[in-house]
Amino acid sequence: IEPKDGKIVIGFTANIENPQINGIEILSGDSAKASAGGEQVAIRVNCGTAEGAEAYTDQDGKVWQPDRLMADGLDWGAVDGEIIQRSTLEIKDTKSPTIYQSETYSMSAYKFKVPAGKYTGKLHFAETYEGISGEGQRVFDVSINDKNVIEKLDPFKEAGAFAKPVVKEFKGIEPVNGVITIGFTPGTENPQICGIEVLSEGAAKVTANSEKVAV
C-alpha cells in the first residue's frame, strides 16, 4: 500500500447492515523484522512543521509526520522548543529538501513511546539560519536516554556548507521505561533539528556511518 497525498484511506461501503471493524494495523515495510514485542515501528518526524499540517511523502515513499509538542495521550513529541519554516531555501545534496526546509530549535528533547526492542535512530540536521555563516557559530550536544552520543555538534562544520544536510545514525537503541528520549544541550546558539526517524531494527546491515549505542 502506498499513501496518496500522505494518507492511507481505508473505506467501507454498506451492503447488508452496517460495516464494522475490530482493529486496524498499518505497518511500515522499512523494518524487516518487528521489535521484541512483535510490533513494527517506523516514526518519521518532519521537525519544524506546524502541528496539524499535511504529512510529507518523500521520493522513496516514506511518510513524515508533521511536528508536535509532547502531551498526555500522545506517543511522541517535542519537549518545548520553537519551530520555523524556510520553504523557499535551496537545500544541497538531498532528494528530500522538504525535510531540511523546516526546523525545531531551542527544544530540550524529543520523546518516543515505543514497545520493547531495539531501534535505529536517524537524526537529520542542516544549518539554515541566515544569521550563521561559518563554523563554530552553532554548537550543541545530543544525548539518547541521558547518554551523550554527540559532543559539540556543529551542523555547518559537519556538512562543510550552509543548507547542506547532515544525518547521524545510531543503532541498538533500547527504550527506558517504554520511552526513547533524544536530548539536546545548548553550547553556542540554540540546538536545532530538521528530522527524526525512529525505526524498529530488522535484518538490515549497519551502514558505514552508523554508530551503535548501548542505551
# chains A, B, ... in the order shown; residues from 1 in each chain; ligands from 1
call {"tool": "closest_atom_pairs", "arguments": {"of": "segment 78-106 of chain A", "to": "segment 49-70 of chain A", "cutoff": "10 Å", "atoms": "only C-alpha atoms", "output": "Markdown table"}}
result
| residue | atom | partner | partner_atom | distance |
| --- | --- | --- | --- | --- |
| A:Ala78 | CA | A:Leu69 | CA | 4.5 |
| A:Val79 | CA | A:Met70 | CA | 5.8 |
| A:Asp80 | CA | A:Leu69 | CA | 6.6 |
| A:Gly81 | CA | A:Leu69 | CA | 8.4 |
| A:Glu82 | CA | A:Leu69 | CA | 9.8 |
| A:Ile83 | CA | A:Thr49 | CA | 6.8 |
| A:Ile84 | CA | A:Thr49 | CA | 7.2 |
| A:Gln85 | CA | A:Thr49 | CA | 6.7 |
| A:Lys95 | CA | A:Gln59 | CA | 6.8 |
| A:Ser96 | CA | A:Asp58 | CA | 5.9 |
| A:Pro97 | CA | A:Asp58 | CA | 9.1 |
| A:Thr98 | CA | A:Tyr56 | CA | 8.1 |
| A:Ile99 | CA | A:Trp64 | CA | 8.5 |
| A:Gln101 | CA | A:Thr49 | CA | 9.1 |
| A:Ser102 | CA | A:Thr49 | CA | 6.2 |
| A:Glu103 | CA | A:Thr49 | CA | 7.3 |
| A:Thr104 | CA | A:Thr49 | CA | 8.1 |
call {"tool": "write_last_selection", "arguments": {"atoms": "all heavy atoms", "output": "compact mmCIF listing (two decimals), in the first residue's frame"}}
result
# COMPACT_ATOMS: atom_id res chain seq x y z
N ALA A 78 7.85 16.77 20.78
CA ALA A 78 8.95 17.59 21.27
C ALA A 78 8.65 18.08 22.68
O ALA A 78 7.49 18.33 23.03
CB ALA A 78 9.16 18.79 20.35
N VAL A 79 9.69 18.20 23.47
CA VAL A 79 9.58 18.80 24.79
C VAL A 79 10.03 20.25 24.65
O VAL A 79 11.21 20.53 24.51
CB VAL A 79 10.43 18.06 25.82
CG1 VAL A 79 10.31 18.73 27.20
CG2 VAL A 79 10.03 16.59 25.90
N ASP A 80 9.09 21.15 24.62
CA ASP A 80 9.26 22.59 24.39
C ASP A 80 9.93 22.86 23.04
O ASP A 80 10.02 21.98 22.19
CB ASP A 80 9.97 23.29 25.54
CG ASP A 80 11.29 22.66 25.96
OD1 ASP A 80 12.19 22.53 25.11
OD2 ASP A 80 11.43 22.32 27.14
N GLY A 81 10.41 24.07 22.83
CA GLY A 81 11.04 24.43 21.57
C GLY A 81 10.18 25.33 20.69
O GLY A 81 8.99 25.53 20.95
N GLU A 82 10.80 25.86 19.66
CA GLU A 82 10.15 26.71 18.68
C GLU A 82 10.32 26.11 17.28
O GLU A 82 11.23 25.31 17.05
CB GLU A 82 10.76 28.12 18.69
CG GLU A 82 10.72 28.80 20.04
CD GLU A 82 9.32 29.21 20.45
OE1 GLU A 82 8.46 29.36 19.55
OE2 GLU A 82 9.09 29.39 21.67
N ILE A 83 9.45 26.49 16.36
CA ILE A 83 9.54 25.96 15.00
C ILE A 83 9.65 27.09 14.00
O ILE A 83 9.22 28.21 14.25
CB ILE A 83 8.34 25.06 14.65
CG1 ILE A 83 7.02 25.88 14.66
CG2 ILE A 83 8.25 23.88 15.60
CD1 ILE A 83 5.82 25.10 14.14
N ILE A 84 10.24 26.77 12.85
CA ILE A 84 10.33 27.74 11.75
C ILE A 84 10.40 26.99 10.43
O ILE A 84 10.95 25.88 10.36
CB ILE A 84 11.56 28.67 11.92
CG1 ILE A 84 11.48 29.84 10.94
CG2 ILE A 84 12.87 27.90 11.80
CD1 ILE A 84 12.46 30.96 11.24
N GLN A 85 9.80 27.58 9.39
CA GLN A 85 9.85 27.01 8.04
C GLN A 85 10.57 27.98 7.11
O GLN A 85 10.38 29.20 7.21
CB GLN A 85 8.45 26.73 7.50
CG GLN A 85 7.64 25.73 8.32
CD GLN A 85 6.86 26.38 9.44
OE1 GLN A 85 6.29 27.44 9.27
NE2 GLN A 85 6.84 25.74 10.60
N LYS A 95 17.63 14.25 -1.94
CA LYS A 95 16.42 14.01 -2.73
C LYS A 95 15.18 14.53 -2.01
O LYS A 95 14.11 14.59 -2.61
CB LYS A 95 16.25 12.51 -3.00
CG LYS A 95 17.33 11.88 -3.85
CD LYS A 95 16.94 10.45 -4.24
CE LYS A 95 16.75 9.56 -3.04
NZ LYS A 95 16.39 8.16 -3.40
N SER A 96 15.33 14.88 -0.73
CA SER A 96 14.17 15.28 0.07
C SER A 96 14.43 16.63 0.74
O SER A 96 14.54 16.71 1.97
CB SER A 96 13.88 14.20 1.12
OG SER A 96 13.64 12.95 0.52
N PRO A 97 14.52 17.70 -0.04
CA PRO A 97 14.83 19.01 0.54
C PRO A 97 13.79 19.50 1.53
O PRO A 97 14.11 20.27 2.44
CB PRO A 97 14.91 19.93 -0.69
CG PRO A 97 14.12 19.24 -1.75
CD PRO A 97 14.33 17.78 -1.51
N THR A 98 12.55 19.04 1.39
CA THR A 98 11.48 19.50 2.28
C THR A 98 11.81 19.25 3.75
O THR A 98 11.48 20.05 4.62
CB THR A 98 10.16 18.81 1.91
OG1 THR A 98 9.81 19.17 0.57
CG2 THR A 98 9.03 19.23 2.84
N ILE A 99 12.47 18.13 4.03
CA ILE A 99 12.82 17.80 5.42
C ILE A 99 13.70 18.88 6.03
O ILE A 99 13.59 19.19 7.23
CB ILE A 99 13.53 16.43 5.48
CG1 ILE A 99 12.62 15.31 4.97
CG2 ILE A 99 14.01 16.11 6.91
CD1 ILE A 99 11.33 15.19 5.71
N GLN A 101 13.91 22.09 5.10
CA GLN A 101 13.40 23.46 4.95
C GLN A 101 12.58 23.90 6.17
O GLN A 101 11.97 24.96 6.15
CB GLN A 101 12.56 23.57 3.68
CG GLN A 101 13.41 23.49 2.41
CD GLN A 101 12.58 23.43 1.15
OE1 GLN A 101 11.44 22.94 1.16
NE2 GLN A 101 13.12 23.91 0.05
N SER A 102 12.58 23.09 7.20
CA SER A 102 11.96 23.48 8.46
C SER A 102 12.81 22.91 9.59
O SER A 102 13.58 21.97 9.40
CB SER A 102 10.52 22.94 8.56
OG SER A 102 10.50 21.53 8.53
N GLU A 103 12.70 23.51 10.76
CA GLU A 103 13.47 23.02 11.90
C GLU A 103 12.75 23.34 13.19
O GLU A 103 11.95 24.28 13.28
CB GLU A 103 14.87 23.64 11.94
CG GLU A 103 14.88 25.12 12.26
CD GLU A 103 16.28 25.69 12.43
OE1 GLU A 103 17.07 25.60 11.46
OE2 GLU A 103 16.57 26.23 13.51
N THR A 104 13.03 22.54 14.20
CA THR A 104 12.69 22.86 15.57
C THR A 104 13.98 23.30 16.25
O THR A 104 15.04 22.70 16.04
CB THR A 104 12.10 21.64 16.30
OG1 THR A 104 10.91 21.23 15.63
CG2 THR A 104 11.76 21.97 17.74
call {"tool": "select_by_dssp", "arguments": {"residues": "chain A", "states": "helix (DSSP H, G or I)", "output": "list of chain:residue names"}}
result
A:Pro97, A:Thr98, A:Ile99, A:Tyr100, A:Pro155, A:Phe156, A:Lys157, A:Glu158, A:Ala159
call {"tool": "closest_atom_pairs", "arguments": {"of": "segment 64-137 of chain A", "to": "segment 143-152 of chain A", "cutoff": "10 Å", "atoms": "only C-alpha atoms", "output": "Markdown table"}}
result
| residue | atom | partner | partner_atom | distance |
| --- | --- | --- | --- | --- |
| A:Ala109 | CA | A:Ser143 | CA | 8.9 |
| A:Tyr110 | CA | A:Ile144 | CA | 9.7 |
| A:Lys111 | CA | A:Asn145 | CA | 9.5 |
| A:Gly121 | CA | A:Ile144 | CA | 9.2 |
| A:Gly136 | CA | A:Lys152 | CA | 9.3 |
call {"tool": "closest_residue", "arguments": {"among": "A:Gln192, A:Val114, A:Tyr100, A:Ile91", "to": "Val179 of chain A", "atoms": "only C-alpha atoms"}}
result
A:Val114
call {"tool": "select_by_dssp", "arguments": {"residues": "segment 45-169 of chain A", "states": "strand (DSSP E or B)", "output": "PyMOL selection string"}}
result
chain A and resi 45-46+56-57+63-66+69+76-79+82-85+102-105+109-113+119-125+139-144+147-153+166-169
call {"tool": "atom_distance", "arguments": {"atom1": "atom CA of Asn190 of chain A", "atom2": "atom CA of Pro165 of chain A"}}
result
17.6 Å
call {"tool": "closest_residue", "arguments": {"among": "A:Ala126, A:Ile180, A:Ile24, A:Ala116", "to": "Arg86 of chain A", "atoms": "only C-alpha atoms"}}
result
A:Ala126
call {"tool": "closest_residue", "arguments": {"among": "A:Thr120, A:Thr181, A:Gln137, A:Thr94", "to": "Lys164 of chain A", "atoms": "only C-alpha atoms"}}
result
A:Thr94
call {"tool": "decode", "arguments": {"residues": "segment 34-75 of chain A", "atoms": "N, CA and C atoms", "output": "PDB file, in the first residue's frame"}}
result
ATOM      1  N   ALA A  34      10.141  -7.288  13.315  1.00  0.00           N
ATOM      2  CA  ALA A  34       9.471  -6.482  14.320  1.00  0.00           C
ATOM      3  C   ALA A  34      10.344  -6.321  15.535  1.00  0.00           C
ATOM      4  N   SER A  35       9.916  -5.441  16.443  1.00  0.00           N
ATOM      5  CA  SER A  35      10.568  -5.305  17.728  1.00  0.00           C
ATOM      6  C   SER A  35      10.286  -6.541  18.555  1.00  0.00           C
ATOM      7  N   ALA A  36      10.880  -6.587  19.741  1.00  0.00           N
ATOM      8  CA  ALA A  36      10.757  -7.777  20.574  1.00  0.00           C
ATOM      9  C   ALA A  36       9.303  -8.102  20.879  1.00  0.00           C
ATOM     10  N   GLY A  37       8.466  -7.084  20.978  1.00  0.00           N
ATOM     11  CA  GLY A  37       7.061  -7.304  21.272  1.00  0.00           C
ATOM     12  C   GLY A  37       6.243  -7.696  20.062  1.00  0.00           C
ATOM     13  N   GLY A  38       6.871  -7.812  18.901  1.00  0.00           N
ATOM     14  CA  GLY A  38       6.170  -8.237  17.705  1.00  0.00           C
ATOM     15  C   GLY A  38       5.536  -7.112  16.928  1.00  0.00           C
ATOM     16  N   GLU A  39       5.827  -5.876  17.305  1.00  0.00           N
ATOM     17  CA  GLU A  39       5.191  -4.737  16.651  1.00  0.00           C
ATOM     18  C   GLU A  39       6.225  -3.908  15.897  1.00  0.00           C
ATOM     19  N   GLN A  40       5.981  -3.651  14.630  1.00  0.00           N
ATOM     20  CA  GLN A  40       6.880  -2.815  13.843  1.00  0.00           C
ATOM     21  C   GLN A  40       6.642  -1.351  14.154  1.00  0.00           C
ATOM     22  N   VAL A  41       7.708  -0.603  14.217  1.00  0.00           N
ATOM     23  CA  VAL A  41       7.607   0.826  14.485  1.00  0.00           C
ATOM     24  C   VAL A  41       8.423   1.584  13.451  1.00  0.00           C
ATOM     25  N   ALA A  42       7.835   2.567  12.814  1.00  0.00           N
ATOM     26  CA  ALA A  42       8.543   3.466  11.904  1.00  0.00           C
ATOM     27  C   ALA A  42       7.947   4.852  12.088  1.00  0.00           C
ATOM     28  N   ILE A  43       8.614   5.653  12.904  1.00  0.00           N
ATOM     29  CA  ILE A  43       8.157   7.014  13.166  1.00  0.00           C
ATOM     30  C   ILE A  43       9.116   7.974  12.478  1.00  0.00           C
ATOM     31  N   ARG A  44       8.591   8.820  11.613  1.00  0.00           N
ATOM     32  CA  ARG A  44       9.404   9.843  10.939  1.00  0.00           C
ATOM     33  C   ARG A  44       8.759  11.202  11.199  1.00  0.00           C
ATOM     34  N   VAL A  45       9.555  12.119  11.727  1.00  0.00           N
ATOM     35  CA  VAL A  45       9.043  13.438  12.098  1.00  0.00           C
ATOM     36  C   VAL A  45       9.713  14.503  11.246  1.00  0.00           C
ATOM     37  N   ASN A  46       8.900  15.282  10.559  1.00  0.00           N
ATOM     38  CA  ASN A  46       9.386  16.431   9.797  1.00  0.00           C
ATOM     39  C   ASN A  46       9.426  17.620  10.762  1.00  0.00           C
ATOM     40  N   CYS A  47      10.536  17.751  11.483  1.00  0.00           N
ATOM     41  CA  CYS A  47      10.628  18.716  12.571  1.00  0.00           C
ATOM     42  C   CYS A  47      10.458  20.150  12.051  1.00  0.00           C
ATOM     43  N   GLY A  48       9.783  20.946  12.841  1.00  0.00           N
ATOM     44  CA  GLY A  48       9.601  22.347  12.498  1.00  0.00           C
ATOM     45  C   GLY A  48       8.362  22.653  11.683  1.00  0.00           C
ATOM     46  N   THR A  49       7.637  21.636  11.239  1.00  0.00           N
ATOM     47  CA  THR A  49       6.375  21.874  10.536  1.00  0.00           C
ATOM     48  C   THR A  49       5.276  22.164  11.555  1.00  0.00           C
ATOM     49  N   ALA A  50       4.252  22.848  11.119  1.00  0.00           N
ATOM     50  CA  ALA A  50       3.174  23.231  12.025  1.00  0.00           C
ATOM     51  C   ALA A  50       2.342  22.014  12.414  1.00  0.00           C
ATOM     52  N   GLU A  51       1.954  21.970  13.677  1.00  0.00           N
ATOM     53  CA  GLU A  51       1.105  20.876  14.140  1.00  0.00           C
ATOM     54  C   GLU A  51      -0.199  20.871  13.353  1.00  0.00           C
ATOM     55  N   GLY A  52      -0.590  19.713  12.862  1.00  0.00           N
ATOM     56  CA  GLY A  52      -1.803  19.603  12.066  1.00  0.00           C
ATOM     57  C   GLY A  52      -1.586  19.789  10.578  1.00  0.00           C
ATOM     58  N   ALA A  53      -0.345  20.069  10.173  1.00  0.00           N
ATOM     59  CA  ALA A  53      -0.043  20.204   8.748  1.00  0.00           C
ATOM     60  C   ALA A  53      -0.151  18.845   8.055  1.00  0.00           C
ATOM     61  N   GLU A  54      -0.163  18.858   6.733  1.00  0.00           N
ATOM     62  CA  GLU A  54      -0.206  17.609   5.976  1.00  0.00           C
ATOM     63  C   GLU A  54       1.093  16.827   6.171  1.00  0.00           C
ATOM     64  N   ALA A  55       0.979  15.514   6.207  1.00  0.00           N
ATOM     65  CA  ALA A  55       2.169  14.672   6.221  1.00  0.00           C
ATOM     66  C   ALA A  55       2.914  14.825   4.894  1.00  0.00           C
ATOM     67  N   TYR A  56       4.218  14.583   4.932  1.00  0.00           N
ATOM     68  CA  TYR A  56       5.051  14.704   3.730  1.00  0.00           C
ATOM     69  C   TYR A  56       5.527  13.326   3.304  1.00  0.00           C
ATOM     70  N   THR A  57       5.357  13.002   2.021  1.00  0.00           N
ATOM     71  CA  THR A  57       5.853  11.745   1.465  1.00  0.00           C
ATOM     72  C   THR A  57       7.071  12.043   0.611  1.00  0.00           C
ATOM     73  N   ASP A  58       8.217  11.443   0.977  1.00  0.00           N
ATOM     74  CA  ASP A  58       9.438  11.722   0.228  1.00  0.00           C
ATOM     75  C   ASP A  58       9.508  10.890  -1.049  1.00  0.00           C
ATOM     76  N   GLN A  59      10.585  11.036  -1.798  1.00  0.00           N
ATOM     77  CA  GLN A  59      10.701  10.371  -3.096  1.00  0.00           C
ATOM     78  C   GLN A  59      10.812   8.858  -2.981  1.00  0.00           C
ATOM     79  N   ASP A  60      11.153   8.374  -1.800  1.00  0.00           N
ATOM     80  CA  ASP A  60      11.211   6.927  -1.576  1.00  0.00           C
ATOM     81  C   ASP A  60       9.896   6.370  -1.041  1.00  0.00           C
ATOM     82  N   GLY A  61       8.881   7.219  -0.951  1.00  0.00           N
ATOM     83  CA  GLY A  61       7.576   6.777  -0.479  1.00  0.00           C
ATOM     84  C   GLY A  61       7.439   6.734   1.034  1.00  0.00           C
ATOM     85  N   LYS A  62       8.426   7.262   1.752  1.00  0.00           N
ATOM     86  CA  LYS A  62       8.364   7.269   3.215  1.00  0.00           C
ATOM     87  C   LYS A  62       7.573   8.492   3.686  1.00  0.00           C
ATOM     88  N   VAL A  63       6.704   8.263   4.663  1.00  0.00           N
ATOM     89  CA  VAL A  63       5.810   9.312   5.135  1.00  0.00           C
ATOM     90  C   VAL A  63       6.374   9.937   6.405  1.00  0.00           C
ATOM     91  N   TRP A  64       6.481  11.266   6.395  1.00  0.00           N
ATOM     92  CA  TRP A  64       6.990  12.035   7.528  1.00  0.00           C
ATOM     93  C   TRP A  64       5.825  12.807   8.147  1.00  0.00           C
ATOM     94  N   GLN A  65       5.660  12.647   9.448  1.00  0.00           N
ATOM     95  CA  GLN A  65       4.559  13.291  10.142  1.00  0.00           C
ATOM     96  C   GLN A  65       4.902  14.735  10.506  1.00  0.00           C
ATOM     97  N   PRO A  66       3.905  15.616  10.539  1.00  0.00           N
ATOM     98  CA  PRO A  66       4.160  16.988  10.995  1.00  0.00           C
ATOM     99  C   PRO A  66       4.541  17.003  12.470  1.00  0.00           C
ATOM    100  N   ASP A  67       5.279  18.021  12.848  1.00  0.00           N
ATOM    101  CA  ASP A  67       5.794  18.138  14.207  1.00  0.00           C
ATOM    102  C   ASP A  67       4.664  18.392  15.207  1.00  0.00           C
ATOM    103  N   ARG A  68       4.964  18.142  16.486  1.00  0.00           N
ATOM    104  CA  ARG A  68       4.008  18.462  17.544  1.00  0.00           C
ATOM    105  C   ARG A  68       4.737  18.429  18.885  1.00  0.00           C
ATOM    106  N   LEU A  69       4.138  19.070  19.869  1.00  0.00           N
ATOM    107  CA  LEU A  69       4.660  19.027  21.222  1.00  0.00           C
ATOM    108  C   LEU A  69       4.148  17.784  21.938  1.00  0.00           C
ATOM    109  N   MET A  70       4.974  17.235  22.818  1.00  0.00           N
ATOM    110  CA  MET A  70       4.561  16.087  23.615  1.00  0.00           C
ATOM    111  C   MET A  70       3.464  16.512  24.586  1.00  0.00           C
ATOM    112  N   ALA A  71       2.471  15.653  24.750  1.00  0.00           N
ATOM    113  CA  ALA A  71       1.367  15.940  25.662  1.00  0.00           C
ATOM    114  C   ALA A  71       0.770  14.621  26.134  1.00  0.00           C
ATOM    115  N   ASP A  72      -0.016  14.677  27.181  1.00  0.00           N
ATOM    116  CA  ASP A  72      -0.685  13.480  27.692  1.00  0.00           C
ATOM    117  C   ASP A  72      -1.490  12.826  26.577  1.00  0.00           C
ATOM    118  N   GLY A  73      -1.369  11.522  26.458  1.00  0.00           N
ATOM    119  CA  GLY A  73      -2.127  10.776  25.459  1.00  0.00           C
ATOM    120  C   GLY A  73      -1.425  10.620  24.131  1.00  0.00           C
ATOM    121  N   LEU A  74      -0.287  11.301  23.936  1.00  0.00           N
ATOM    122  CA  LEU A  74       0.464  11.181  22.687  1.00  0.00           C
ATOM    123  C   LEU A  74       1.650  10.246  22.873  1.00  0.00           C
ATOM    124  N   ASP A  75       2.041   9.573  21.791  1.00  0.00           N
ATOM    125  CA  ASP A  75       3.149   8.626  21.905  1.00  0.00           C
ATOM    126  C   ASP A  75       4.486   9.214  21.488  1.00  0.00           C
TER     127      ASP A  75
END
